[in-house]
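Structure record follows, encoded as structure tokens.
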Amino acid sequence: MTKNRRAEKRLNRIYRDLFNSFGPQHWWPGETSFEVCIGAILTQNTNWQNVEKAISNLTKEKLLSPRKLHRLPQKRLVQLIHSSGYFNIKAARLKEFLNFLFDKYGGSLEKMFQEKTQVLRTRLLSVNGIGPETCDSILLYAGNKPIFVIDTYTKRILLRHKLIKEDATYYDIQELFMENLSKSAKLYNEYHALLVRLGKEICLKNKPKCQICPLRKIR
DNA sequence: TGCCAGGCCGGGT
DNA sequence: ACCCGGCATGGC
């Protein structure tokens with residue numbers, strides 16, 4: 001996929017329409033970079049509301065730091081993140097991430113993000129439990145790196161606009177955005193947040209002719 | 001009530 | 001190289 005004037009125009013128009021309609025989304029809805037990393041893992045295939053409860057438990061217990069979570073027994077972690085669902089597997093994934101963070105960067109996110117982005121991306125993807133979306137969410141929303149995040153909402157919306165085909169992969173879709181938009185973390189941040197907002201605002205499955213959609217093509 | 005939510009892994013073809 | 005079952009809660 002190379003730069004494509006038509007795609008460029010449509011993607012910019014979609015962004016403009018969404019921003020005009022919804023305004024800035026102030027993403028990621030987390031306080032610190034570390035909280036973003038934890039949230040990115042906890043929200044895998046899970047409603048954000050359930051994740052917020054889990055994060056709020058960790059906050060209350062003052063456990064929301066790499067060192068504290070690294071030391072916390074996994075059984076206790078399972079209890080605290082119970083509301084986020086898949087608690088056993090997610091506790092293990094959080095531990096995998098923390099082990100990685102301490103092994104490679106002495107537990108410092110700051111050090112981790114000093115790594116060259118592409119190198120860090122490859123390394124994060126090798127952590128068990130971190131796939132493309134979780135990895136890119138960490139890079140963009142915790143590390144402020146210009147990497148576009150793709151999720152199910154994004155794919156669904158682009159399908160409706162016929163900007164991609166059904167069989168497009170994560171990387172196909174990511175390339176479409178990154179080849180055709182200016183390489184800006186701020187833009188990627190807001191754009192993806194707006195797509196999620198749109199995905200939540202309208203029910204694409206049950207309301208095929210939603211009236212409130214700001215994008216005329218999504219009905 | 002049943003369906004869905006800001007995925008990813010591992011085993012089977 | 002795909003395909004699919006499993007993982008689990010809380011809200012509507």
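We label chains A, B, ... in the order they appear in the structure tokens, count residues from 1 in each chain, and number ligands from 1 in the order shown.
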Kindly assemble as CSV a list of the chain C residues that lie within 9 Å of chain A, each paired with its nearest atom pair and their distance in Å to one decimal, using only C-alpha atoms (C1' of nucleotides), sorted first by chain and then by ascending residue number.
residue,atom,partner,partner_atom,distance
C:DC7,C1',A:Tyr86,CA,5.3
C:DA8,C1',A:Gly85,CA,4.5
C:DT9,C1',A:Gly85,CA,4.4
C:DG10,C1',A:Asn50,CA,6.7
C:DG11,C1',A:Gln49,CA,8.9
For this session: Output as a list in words the set of chain A residues within 8 Å of chain B, with distances taken over only C-alpha atoms (C1' of nucleotides).
Result: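 Taken together, these residues fit the definition: Thr43, Gln44, Asn45, Thr46, Asn47, Trp48, Gly129, Ile130, Gly131, Glu133, Thr134, Asp151, Thr152, Tyr153 and Val196 of chain A.
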For this session: Would you return as a PyMOL selection string the members of region 24-125 of chain A that DSSP assigns to helix (DSSP H, G or I) on this structure's backbone?
Result: chain A and resi 33-42+48-60+66-71+74-80+82-84+87-105+109-114+117-125
Problem set entry | Distance query Gln25 (chain A) at most 9 Å, only C-alpha atoms (C1' of nucleotides), self and fewer than 4 positions along chain excluded, as number ranges by chain | A: 19, 29, 190, 193-194, 197
